[in-house]
Every structure is written in C-alpha cells, then in structure tokens.
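Trainee: Just one file: data.cif, with mmCIF, C-alpha atoms.
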data_target
#
loop_
_atom_site.label_atom_id
_atom_site.label_comp_id
_atom_site.auth_asym_id
_atom_site.auth_seq_id
_atom_site.Cartn_x
_atom_site.Cartn_y
_atom_site.Cartn_z
CA MET A 6 3.38 -16.73 -30.10
CA ALA A 7 2.74 -14.57 -27.00
CA THR A 8 2.68 -17.63 -24.71
CA ILE A 9 6.09 -18.75 -25.96
CA GLN A 10 7.43 -15.26 -25.48
CA ILE A 11 6.04 -14.86 -21.96
CA ASP A 12 7.49 -18.26 -21.03
CA ARG A 13 10.90 -17.13 -22.26
CA LEU A 14 10.65 -13.92 -20.26
CA LEU A 15 9.62 -15.76 -17.09
CA ASP A 16 12.42 -18.27 -17.61
CA ALA A 17 14.99 -15.49 -18.12
CA CYS A 18 13.86 -13.68 -14.97
CA ILE A 19 14.25 -16.84 -12.84
CA ARG A 20 17.52 -17.91 -14.50
CA MET A 21 19.16 -14.48 -14.19
CA GLY A 22 18.00 -13.87 -10.61
CA GLY A 23 15.69 -11.00 -11.50
CA SER A 24 13.01 -9.66 -9.18
CA ASP A 25 10.66 -7.96 -11.69
CA ILE A 26 9.77 -7.88 -15.39
CA HIS A 27 8.53 -4.60 -16.92
CA LEU A 28 6.61 -4.78 -20.21
CA VAL A 29 5.84 -1.38 -21.69
CA VAL A 30 5.19 -0.10 -25.21
CA GLY A 31 8.25 1.54 -26.79
CA ARG A 32 10.88 -0.43 -24.86
CA PRO A 33 12.17 -4.01 -25.04
CA PRO A 34 11.23 -6.14 -22.01
CA VAL A 35 13.12 -4.87 -18.95
CA LEU A 36 14.35 -6.96 -15.97
CA ARG A 37 15.15 -5.60 -12.53
CA LEU A 38 18.43 -7.23 -11.50
CA GLY A 39 19.95 -6.43 -8.10
CA GLY A 40 17.77 -3.34 -7.86
CA ASN A 41 18.79 -1.98 -11.30
CA LEU A 42 16.78 -2.02 -14.55
CA ARG A 43 18.30 -3.82 -17.55
CA SER A 44 16.75 -4.00 -21.03
CA MET A 45 16.70 -7.43 -22.65
CA GLU A 46 18.16 -7.87 -26.13
CA THR A 47 14.87 -8.45 -27.90
CA LYS A 48 12.54 -6.36 -30.08
CA THR A 49 10.93 -3.16 -28.88
CA LEU A 50 7.39 -3.91 -27.75
CA GLU A 51 4.50 -2.65 -29.90
CA PRO A 52 0.94 -2.05 -28.57
CA ASP A 53 -0.18 -5.41 -30.01
CA ASP A 54 2.67 -7.19 -28.18
CA THR A 55 1.71 -6.01 -24.70
CA VAL A 56 -1.97 -6.79 -25.37
CA ALA A 57 -1.07 -10.34 -26.53
CA LEU A 58 1.26 -10.87 -23.55
CA MET A 59 -1.43 -9.61 -21.18
CA LYS A 60 -4.09 -11.92 -22.65
CA SER A 61 -1.77 -14.94 -22.46
CA ILE A 62 -1.60 -14.81 -18.63
CA THR A 63 -4.54 -12.70 -17.39
CA PRO A 64 -7.72 -14.49 -16.19
CA GLU A 65 -11.03 -13.42 -17.77
CA LYS A 66 -12.31 -11.70 -14.61
CA ASN A 67 -9.13 -9.63 -14.40
CA GLN A 68 -9.35 -8.69 -18.09
CA LYS A 69 -12.85 -7.44 -17.36
CA GLU A 70 -11.59 -5.44 -14.35
CA LEU A 71 -8.86 -3.95 -16.56
CA GLN A 72 -11.51 -2.79 -19.04
CA GLU A 73 -13.71 -1.31 -16.31
CA GLU A 74 -11.14 0.07 -13.84
CA GLY A 75 -8.04 0.64 -15.96
CA GLY A 76 -5.94 -1.79 -13.90
CA THR A 77 -5.92 -5.22 -12.22
CA ASP A 78 -3.68 -7.38 -10.01
CA PHE A 79 -3.41 -11.16 -9.77
CA GLY A 80 -0.93 -13.96 -9.14
CA PHE A 81 -0.10 -17.13 -11.07
CA ALA A 82 2.28 -20.09 -10.90
CA PHE A 83 4.95 -20.71 -13.55
CA GLY A 84 4.92 -24.51 -13.24
CA ASP A 85 6.84 -25.45 -10.11
CA ARG A 86 9.60 -22.92 -10.77
CA GLY A 87 8.02 -19.94 -9.09
CA ARG A 88 5.01 -17.67 -8.68
CA PHE A 89 4.54 -14.22 -10.13
CA ARG A 90 2.47 -11.31 -8.85
CA VAL A 91 1.18 -9.29 -11.81
CA SER A 92 -0.03 -5.71 -12.10
CA VAL A 93 -1.64 -4.82 -15.45
CA PHE A 94 -2.58 -1.19 -16.14
CA ARG A 95 -3.32 1.30 -18.86
CA GLN A 96 -1.01 4.24 -19.56
CA LYS A 97 -1.39 6.65 -22.51
CA GLY A 98 -4.07 4.28 -23.78
CA PHE A 99 -1.61 1.33 -23.99
CA ILE A 100 -1.32 -1.80 -21.83
CA SER A 101 1.67 -2.13 -19.46
CA LEU A 102 2.56 -5.06 -17.18
CA VAL A 103 4.83 -5.47 -14.17
CA LEU A 104 5.50 -9.04 -13.02
CA ARG A 105 7.11 -9.58 -9.61
CA LEU A 106 8.83 -12.93 -9.01
CA ILE A 107 7.83 -14.49 -5.70
CA PRO A 108 10.61 -16.90 -4.66
CA SER A 109 9.34 -20.45 -4.22
CA ALA A 110 11.50 -21.20 -1.17
CA PHE A 111 11.00 -19.63 2.26
CA LEU A 112 14.10 -17.91 3.61
CA SER A 113 15.29 -18.44 7.17
CA PHE A 114 15.57 -15.53 9.59
CA ASP A 115 19.38 -15.80 9.44
CA THR A 116 19.41 -15.74 5.62
CA ILE A 117 17.32 -12.58 5.54
CA GLY A 118 19.29 -11.13 8.45
CA LEU A 119 16.28 -10.50 10.69
CA PRO A 120 16.93 -9.26 14.25
CA LYS A 121 17.35 -12.13 16.75
CA PRO A 122 14.32 -11.32 18.99
CA ILE A 123 11.85 -11.90 16.13
CA ALA A 124 11.68 -15.67 16.69
CA GLY A 125 10.54 -15.09 20.27
CA LEU A 126 8.01 -12.46 19.18
CA CYS A 127 6.49 -14.96 16.70
CA ARG A 128 5.75 -17.21 19.68
CA ARG A 129 3.73 -14.54 21.48
CA PRO A 130 0.07 -15.53 22.03
CA ARG A 131 -1.30 -12.07 21.24
CA GLY A 132 -0.40 -8.60 20.01
CA LEU A 133 0.13 -6.54 16.85
CA PHE A 134 3.41 -6.85 14.90
CA LEU A 135 3.88 -4.35 12.05
CA VAL A 136 6.28 -4.76 9.12
CA THR A 137 6.67 -1.51 7.21
CA GLY A 138 8.57 0.04 4.33
CA PRO A 139 8.12 1.32 0.79
CA THR A 140 6.85 -0.87 -2.06
CA GLY A 141 9.48 -3.42 -3.06
CA SER A 142 11.30 -3.37 0.29
CA GLY A 143 10.83 -7.10 0.98
CA LYS A 144 7.94 -6.88 3.46
CA THR A 145 6.11 -9.83 1.86
CA THR A 146 9.21 -12.06 2.02
CA THR A 147 9.85 -11.14 5.67
CA LEU A 148 6.25 -11.88 6.67
CA ALA A 149 6.21 -15.15 4.70
CA SER A 150 9.31 -16.23 6.65
CA MET A 151 7.61 -15.39 9.96
CA ILE A 152 4.45 -17.31 9.01
CA ASN A 153 6.57 -20.25 7.85
CA TYR A 154 8.48 -20.22 11.18
CA ILE A 155 5.19 -20.41 13.10
CA ASN A 156 3.90 -23.07 10.70
CA GLU A 157 6.98 -25.26 11.25
CA ASN A 158 7.32 -24.81 15.01
CA LEU A 159 3.92 -24.19 16.60
CA ASP A 160 0.48 -25.81 16.47
CA ARG A 161 -1.53 -22.74 15.49
CA HIS A 162 -4.43 -21.88 13.21
CA ILE A 163 -3.10 -19.21 10.83
CA ILE A 164 -5.39 -17.12 8.62
CA THR A 165 -3.80 -14.85 6.00
CA VAL A 166 -5.67 -12.14 4.08
CA GLU A 167 -3.80 -11.06 0.95
CA GLU A 168 -4.31 -9.29 -2.38
CA PRO A 169 -3.16 -11.34 -4.21
CA ILE A 170 -1.79 -14.45 -2.42
CA GLU A 171 1.93 -14.53 -3.12
CA TYR A 172 3.69 -17.24 -1.08
CA TYR A 173 1.68 -20.46 -0.81
CA HIS A 174 1.94 -22.16 2.60
CA GLN A 175 1.42 -25.92 3.05
CA HIS A 176 0.00 -27.21 6.36
CA LYS A 177 2.88 -28.26 8.64
CA ARG A 178 2.50 -28.15 12.44
CA ALA A 179 -0.03 -25.39 11.94
CA ILE A 180 -3.20 -25.15 9.84
CA VAL A 181 -2.87 -22.34 7.26
CA ASN A 182 -5.92 -20.84 5.53
CA GLN A 183 -5.10 -18.19 2.93
CA ARG A 184 -7.88 -15.88 1.72
CA GLU A 185 -7.52 -13.68 -1.34
CA VAL A 186 -9.30 -10.31 -1.40
CA GLY A 187 -11.47 -10.09 -4.50
CA LEU A 188 -11.63 -13.87 -4.88
CA ASP A 189 -12.46 -15.37 -1.46
CA VAL A 190 -13.62 -12.25 0.35
CA PRO A 191 -14.56 -8.71 -0.79
CA THR A 192 -12.33 -6.57 1.48
CA PHE A 193 -9.56 -6.78 4.09
CA ALA A 194 -11.87 -5.39 6.79
CA GLU A 195 -14.60 -7.95 6.01
CA ALA A 196 -12.05 -10.80 6.07
CA LEU A 197 -10.79 -9.64 9.48
CA ARG A 198 -14.29 -9.43 10.93
CA ARG A 199 -15.10 -12.95 9.76
CA ALA A 200 -11.70 -14.32 10.82
CA LEU A 201 -12.56 -13.74 14.48
CA ARG A 202 -15.31 -16.40 14.16
CA GLN A 203 -12.91 -18.93 12.60
CA ASP A 204 -10.92 -19.83 15.74
CA PRO A 205 -7.61 -18.23 14.61
CA ASP A 206 -4.44 -17.99 16.66
CA VAL A 207 -2.49 -15.95 14.11
CA ILE A 208 -3.84 -13.48 11.52
CA LEU A 209 -1.80 -11.90 8.72
CA VAL A 210 -3.30 -8.79 7.08
CA GLY A 211 -1.58 -8.10 3.76
CA GLU A 212 -2.13 -4.35 3.98
CA LEU A 213 -3.55 -1.99 6.60
CA ARG A 214 -4.79 0.34 3.89
CA ASP A 215 -7.78 2.09 5.49
CA LEU A 216 -9.23 3.13 8.83
CA GLU A 217 -11.67 0.21 8.98
CA THR A 218 -8.90 -2.38 8.46
CA ILE A 219 -6.56 -0.72 10.99
CA GLU A 220 -9.38 -0.70 13.56
CA ALA A 221 -10.20 -4.36 12.91
CA ALA A 222 -6.52 -5.39 13.21
CA ILE A 223 -6.07 -3.59 16.56
CA SER A 224 -9.35 -5.11 17.79
CA ALA A 225 -8.18 -8.62 16.75
CA ALA A 226 -4.92 -8.15 18.68
CA GLU A 227 -6.86 -6.84 21.68
CA THR A 228 -9.12 -9.92 21.76
CA GLY A 229 -6.21 -12.34 22.10
CA HIS A 230 -4.73 -13.00 18.64
CA LEU A 231 -1.25 -12.51 17.19
CA VAL A 232 -1.77 -10.14 14.25
CA PHE A 233 0.81 -9.29 11.57
CA GLY A 234 0.20 -6.33 9.27
CA THR A 235 2.01 -4.10 6.78
CA LEU A 236 2.05 -0.36 6.17
CA HIS A 237 3.84 1.71 3.52
CA THR A 238 5.54 3.85 6.15
CA THR A 239 9.19 4.55 6.88
CA GLY A 240 10.60 4.19 10.37
CA CYS A 241 9.06 3.09 13.65
CA GLN A 242 8.15 6.56 14.89
CA GLY A 243 6.53 7.41 11.52
CA THR A 244 4.51 4.19 11.64
CA ILE A 245 3.00 5.02 15.05
CA ASN A 246 2.14 8.56 13.91
CA ARG A 247 0.62 7.27 10.63
CA ILE A 248 -1.76 4.91 12.48
CA ILE A 249 -2.83 7.52 15.02
CA ASP A 250 -3.30 10.20 12.32
CA ALA A 251 -5.58 7.86 10.34
CA PHE A 252 -8.23 8.30 13.06
CA PRO A 253 -10.44 11.37 13.68
CA SER A 254 -9.01 13.63 16.37
CA ASN A 255 -11.71 12.68 18.90
CA GLN A 256 -10.63 9.00 18.68
CA GLN A 257 -6.86 9.50 18.75
CA GLU A 258 -6.43 9.35 22.53
CA MET A 259 -8.25 6.00 22.67
CA ILE A 260 -6.12 4.63 19.78
CA ARG A 261 -2.93 5.69 21.58
CA ILE A 262 -4.07 3.69 24.61
CA GLN A 263 -4.98 0.67 22.45
CA LEU A 264 -1.69 0.80 20.54
CA SER A 265 0.35 1.19 23.73
CA THR A 266 -1.15 -2.01 25.17
CA ASN A 267 -1.45 -4.15 22.00
CA LEU A 268 1.49 -3.27 19.75
CA ILE A 269 4.43 -5.61 20.38
CA ALA A 270 6.96 -4.62 17.69
CA VAL A 271 7.61 -2.63 14.51
CA LEU A 272 10.11 -3.72 11.86
CA SER A 273 10.76 -1.07 9.20
CA GLN A 274 12.92 -2.17 6.29
CA THR A 275 14.45 -1.12 2.99
CA LEU A 276 16.43 -3.07 0.37
CA CYS A 277 19.92 -1.98 -0.76
CA PRO A 278 21.93 -3.33 -3.73
CA LEU A 279 25.06 -5.19 -2.63
CA LYS A 280 28.29 -3.36 -3.41
CA LYS A 281 30.52 -6.19 -4.65
CA LYS A 282 28.15 -8.83 -6.01
CA LYS A 283 24.67 -9.34 -7.39
CA GLY A 284 21.74 -9.27 -5.02
CA ARG A 285 20.36 -7.03 -2.31
CA VAL A 286 20.56 -6.80 1.45
CA ALA A 287 17.87 -5.54 3.82
CA ALA A 288 18.52 -2.67 6.21
CA TYR A 289 16.24 -2.52 9.25
CA GLU A 290 14.89 -0.28 11.93
CA PHE A 291 13.52 -2.44 14.73
CA MET A 292 11.53 -1.51 17.82
CA ILE A 293 10.19 -3.76 20.57
CA ILE A 294 7.45 -2.17 22.68
CA THR A 295 8.90 -1.86 26.18
CA SER A 296 7.02 -0.27 29.06
CA ALA A 297 8.97 2.96 28.40
CA ILE A 298 7.96 3.07 24.70
CA SER A 299 4.40 2.09 25.62
CA ASN A 300 4.25 5.14 27.90
CA LEU A 301 5.60 7.40 25.12
CA ILE A 302 2.83 6.22 22.77
CA ARG A 303 0.14 6.67 25.42
CA GLU A 304 1.40 10.15 26.39
CA ASN A 305 1.73 11.34 22.75
CA LYS A 306 5.52 11.70 23.01
CA THR A 307 6.42 9.70 19.89
CA TYR A 308 9.18 12.23 19.09
CA ARG A 309 11.21 10.50 21.85
CA ILE A 310 10.85 7.02 20.36
CA GLU A 311 14.13 7.14 18.42
CA SER A 312 16.20 7.82 21.55
CA SER A 313 14.38 4.91 23.28
CA ILE A 314 15.31 2.62 20.38
CA GLN A 315 18.94 3.73 20.73
CA THR A 316 18.98 2.95 24.46
CA GLY A 317 17.31 -0.43 23.74
CA ARG A 318 20.20 -1.85 21.68
CA ASN A 319 20.82 -4.51 24.33
CA LEU A 320 17.30 -5.83 23.61
CA GLY A 321 18.06 -6.10 19.88
CA MET A 322 16.56 -2.75 18.84
CA ARG A 323 18.31 -0.55 16.30
CA LEU A 324 17.81 2.61 14.27
CA LEU A 325 17.90 2.44 10.47
CA ASP A 326 20.94 4.72 10.16
CA ASP A 327 22.89 2.54 12.62
CA HIS A 328 22.16 -0.60 10.59
CA LEU A 329 23.00 1.17 7.32
CA TRP A 330 26.32 2.23 8.84
CA GLU A 331 27.06 -1.36 9.89
CA LEU A 332 26.39 -2.54 6.31
CA TYR A 333 28.60 0.25 4.89
CA GLU A 334 31.43 -0.45 7.35
CA ALA A 335 31.28 -4.16 6.40
CA GLU A 336 31.56 -3.03 2.72
CA LYS A 337 28.22 -4.61 1.87
CA ILE A 338 26.74 -1.37 0.54
CA SER A 339 28.25 1.67 -1.16
CA LEU A 340 28.59 5.16 0.29
CA GLU A 341 26.01 6.40 -2.22
CA GLU A 342 23.50 3.78 -1.01
CA LEU A 343 24.23 4.64 2.62
CA LEU A 344 23.42 8.31 2.00
CA ASP A 345 20.41 7.63 -0.26
CA LYS A 346 18.63 5.41 2.27
CA SER A 347 19.59 7.16 5.51
CA ARG A 348 17.45 9.61 7.51
CA ASN A 349 20.40 11.87 8.33
CA PRO A 350 22.73 11.75 5.31
CA ALA A 351 24.78 14.81 6.37
CA THR A 352 25.63 13.18 9.73
CA LEU A 353 26.62 9.87 8.11
CA LEU A 354 28.69 11.61 5.42
CA GLU A 355 30.66 13.42 8.11
CA LYS A 356 31.12 10.12 9.97
CA ALA A 357 32.37 8.46 6.77
CA ARG A 358 34.88 11.29 6.22
CA GLN A 359 36.22 10.83 9.74
CA GLU A 360 36.20 7.02 10.03
CA CYS A 361 36.64 5.87 6.40
CA PRO A 362 38.69 8.69 4.82
CA HIS A 363 40.23 6.36 2.20
CA ASP A 364 36.92 5.42 0.57
CA PRO A 365 37.35 6.61 -3.06
CA ASP A 366 33.58 7.22 -3.27
CA LEU A 367 33.99 10.20 -0.90
CA ARG A 368 35.46 12.22 -3.78
CA LYS A 369 32.37 11.57 -5.93
CA VAL A 370 29.76 12.65 -3.37
CA GLY A 371 28.22 16.09 -3.89
CA PRO A 372 26.55 18.20 -1.20
CA VAL A 373 23.81 16.42 0.75
CA ILE A 374 20.73 17.85 2.42
CA GLY A 375 21.54 19.21 5.87
CA GLU A 376 25.20 19.90 5.11
CA THR A 377 26.39 23.46 5.62
CA GLN A 378 27.88 24.83 2.40
CA ASP A 379 30.65 27.45 2.25
CA LEU A 380 29.35 30.09 -0.18
CA ASN A 381 32.55 32.17 -0.26
#
Translate this file's structure into structure tokens.
Mentor:
Amino acid sequence: MATIQIDRLLDACIRMGGSDIHLVVGRPPVLRLGGNLRSMETKTLEPDDTVALMKSITPEKNQKELQEEGGTDFGFAFGDRGRFRVSVFRQKGFISLVLRLIPSAFLSFDTIGLPKPIAGLCRRPRGLFLVTGPTGSGKTTTLASMINYINENLDRHIITVEEPIEYYHQHKRAIVNQREVGLDVPTFAEALRRALRQDPDVILVGELRDLETIEAAISAAETGHLVFGTLHTTGCQGTINRIIDAFPSNQQEMIRIQLSTNLIAVLSQTLCPLKKKKGRVAAYEFMIITSAISNLIRENKTYRIESSIQTGRNLGMRLLDDHLWELYEAEKISLEELLDKSRNPATLLEKARQECPHDPDLRKVGPVIGETQDLN
C-alpha cells in the first residue's frame, strides 16, 4: 500500500513541476510548487503512514542510522524519470520526510541565466570557485551544470565528493568519479586528502562544512587543481569573511594570503518565484578575483569588496541588489520578492517609488527595515 502511495506522490511531484514533497504527521502530503507549499487532496497522514512511507524507500543502513541518530539522508532513482534526495527525521517522536526532486536533465548556462564569464572560469587549470547561498537556492543545480560543461568540453579527470550524490554524470570527454560520503568514504576531508593521489584535474566538494574540509579544499587548489565548493553563506563579502573566521586568529593572516592567491570566483545565489508564471528564477551576486580584490582580501579590507564588484561590471561582476532590480524591472519578480531578498530593501523601495511609481504593489508594501518613519 505504502509503495503505491509513494509512487503516486513521486509521480505527482514530477508531473506538476514540484521541487519538494513534505510528509509530516497531521497534514496531507505537501508539494512545493514554484516556491510555495500546496497541500495535496488526500488523507491527513497518521503516524503509521509516515513510518510505512519511510520504510518503502529507505535502505536498511539508513533506517538503522535513523534509529541511532534521529535522522538520515540518502538518494534514490524513481525509474528513469528522476532522482530524489531524501531527508528522514524524527520530530515530536514521529517520522517526517522531505524529498527533493533532482531534475534528470542538466541545464545549460543560458537556461539557468549564469553570468557569461563562468564558461571561461570552468576552463581554468587551477583555483577555488565557490558557489554559495541558503539551502534550496539551486547551488547543486548550478554546480552540476558546471561539471557537465567541463565533462562535455574538456578531457579532464573529475572527482566529486557529495552527501548524497544527486546528479549522476556519465563519462563524456572527461572521466567522472563520484564518491558518496558515508558510502564510499567516511568524510569530506578524508575524500579530499585521498583525491590528491587519484590524478584529478577537477574536484567538486559538496559542502565546505568544517575547518578541516576548508583547509583541504584550499590546499587542493594551491597544488594545481580546479576545486568547486559550496557554503551556506550569503553574498561574496560574507563568504570571504566566513572562511577566514573559521580559522583560529593566529592562522587568519596565512589564510587571507592563500585565499587571495587561490580563489578565482564566488557566485552567491538565491531563488525567486516568477511573478507571472510558474517556476523560479535565480538572482546572483558574482565576483571574479581581480588583482584589486586579491589585495583587499590579503590586506583584510573585505568591507571594500562590494564597491570593487560594482566597478567590475564590465568584467561581468554584479551585486545581488543590482540583479534583483534587473529582474524586477523586467517584471520577472514582484516588488515583495525584490524587497524580501535584497540586502538594502529601503534603498530599493525608494528606487521603485521613483522609477516605477505605477506599480500597484507599492500601495501594499508596509515599512521596511532602514526606512525612516514619520512618527508625528
């Protein structure tokens, strides 16, 4: 019974263009469609339902981890229609599941809307390229597209380290070895150390989650490899500060020097629901490490990075608020979304009032942080 039900849920998610399925006691199954949650018209799930659904798809070793740790993550294929990344966890003593649909097709840079210089950066022989953003911001899809571009165009040995593996890559011009943490190797840091003995050209680290992994990734870039990694940070300046702050104070000067010479780019992204149709669009902040930005990192003047990005527009760099404004002006995203995702909502609200005074959404917007209020 549970297998039939889970198949129906997976089918509905793919058919309706959903990105996630939420299964929680006390609610019917819920799909995330275009960034919004929508309950399905089925029965409310009981504790026995979520247990049966969990058991129908969860491997034995993950069921054991759930018992011991209170949570587990894994991936599985739904025939040839798609792959799902699953997180199972306990809450209030009940079992909950979140299933993320991993699209089966790789998207081109143009389809995703990636900045033009990225293709050239993927051809670099060495360096560290960071893709950052909150959970669910499309980092995995962006990185999969970059790896696929290298795979199709360059004869490279690519090693990916992921937890779990989401997009499966076939060998094309490149050789692609994908290692899953917890299945093929115990930790990200251990996988990185061993990767250096496996003649790689390109290394993808699914998550730079601890000091040891960050150190290993910088070291791999320093020794002549192109390394891609992700961080749950917002903005390019924040990403640099987050990496440096992860190290003890007596090591931070050395890390600044290493980052200034090995970092090649930071792409920080967030996903916004489209205003007039289903789906989402990515908004980016993008920084290429020029000699000027390299000096700012080395000299601990990261507070000046944003102005350097602004002056580097001719190189393809852009600030997040500038890209959000472009999407708003093109009527791809709403005013509410522009203000929610921006760093300086008060500034953008004032700009909208001046340049788009006829937007009916302006009448619905309340005070935003940073806006001076008249108390009289």
Trainee: Here is a test: counting only C-alpha atoms, which residue of A:Ala194, A:Ile249, A:Leu159, A:Leu340 is nearest to Ile180 of chain A?
Mentor: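 Nearest candidate to Ile180 of chain A out of A:Ala194, A:Ile249, A:Leu159, A:Leu340: A:Leu159.
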Trainee: Mind listing as a ChimeraX atom specification all residues within 10 Å of (7.3, -7.7, -4.4), counting only C-alpha atoms?
Mentor: /A:24-25,89-91,104-108,140-146,171
Trainee: Figure out the distance between atom CA of Leu332 of chain A and atom CA of Lys280 of chain A, please, to one decimal in Å.
Mentor: 9.9 Å
Trainee: Do you know which residues lie at most 6 Å from (8.7, -6.0, -16.4), with coordinates as in the file and all atoms listed in the file counted, and could you write them as a ChimeraX atom specification?
Mentor: /A:25-28,35-36,103-104
Trainee: Write to file, as a compact mmCIF listing (two decimals), keeping the file's coordinate frame, the residues of the selection just made, with C-alpha atoms.
Mentor:
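File produced: again39.txt:
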# COMPACT_ATOMS: atom_id res chain seq x y z
CA ASP A 25 10.66 -7.96 -11.69
CA ILE A 26 9.77 -7.88 -15.39
CA HIS A 27 8.53 -4.60 -16.92
CA LEU A 28 6.61 -4.78 -20.21
CA VAL A 35 13.12 -4.87 -18.95
CA LEU A 36 14.35 -6.96 -15.97
CA VAL A 103 4.83 -5.47 -14.17
CA LEU A 104 5.50 -9.04 -13.02
Trainee: Given the file above and the PyMOL selection byres ((chain A and resi 314) around 12), which residues are selected, and can you give them as a ChimeraX atom specification?
Mentor: /A:240-242,270-272,290-295,297-298,301,307-313,315-327
Trainee: Could you list, as a VMD selection string, every residue within 9 Å of Val207 of chain A, counting all atoms listed in the file and ignoring same-chain residues fewer than 3 positions away?
Mentor: chain A and resid 130 to 131 152 155 161 to 165 230 to 233
Trainee: Nearest to Phe114 of chain A: which of A:Pro350, A:Asp53, A:Tyr154, A:Pro34 is it, counting only C-alpha atoms?
Mentor: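 Of the candidates, the smallest distance to Phe114 of chain A is held by A:Tyr154.
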Trainee: Considering all atoms listed in the file, state which residue in the set A:Gly234, A:Asp189, A:Arg285, A:Ala110 is at the smallest distance from Gly23 of chain A.
Mentor: A:Arg285
Trainee: Using Å and a single decimal, report how far atom CA of Val30 of chain A sits from atom CA of Gln68 of chain A.
Mentor: 18.3 Å
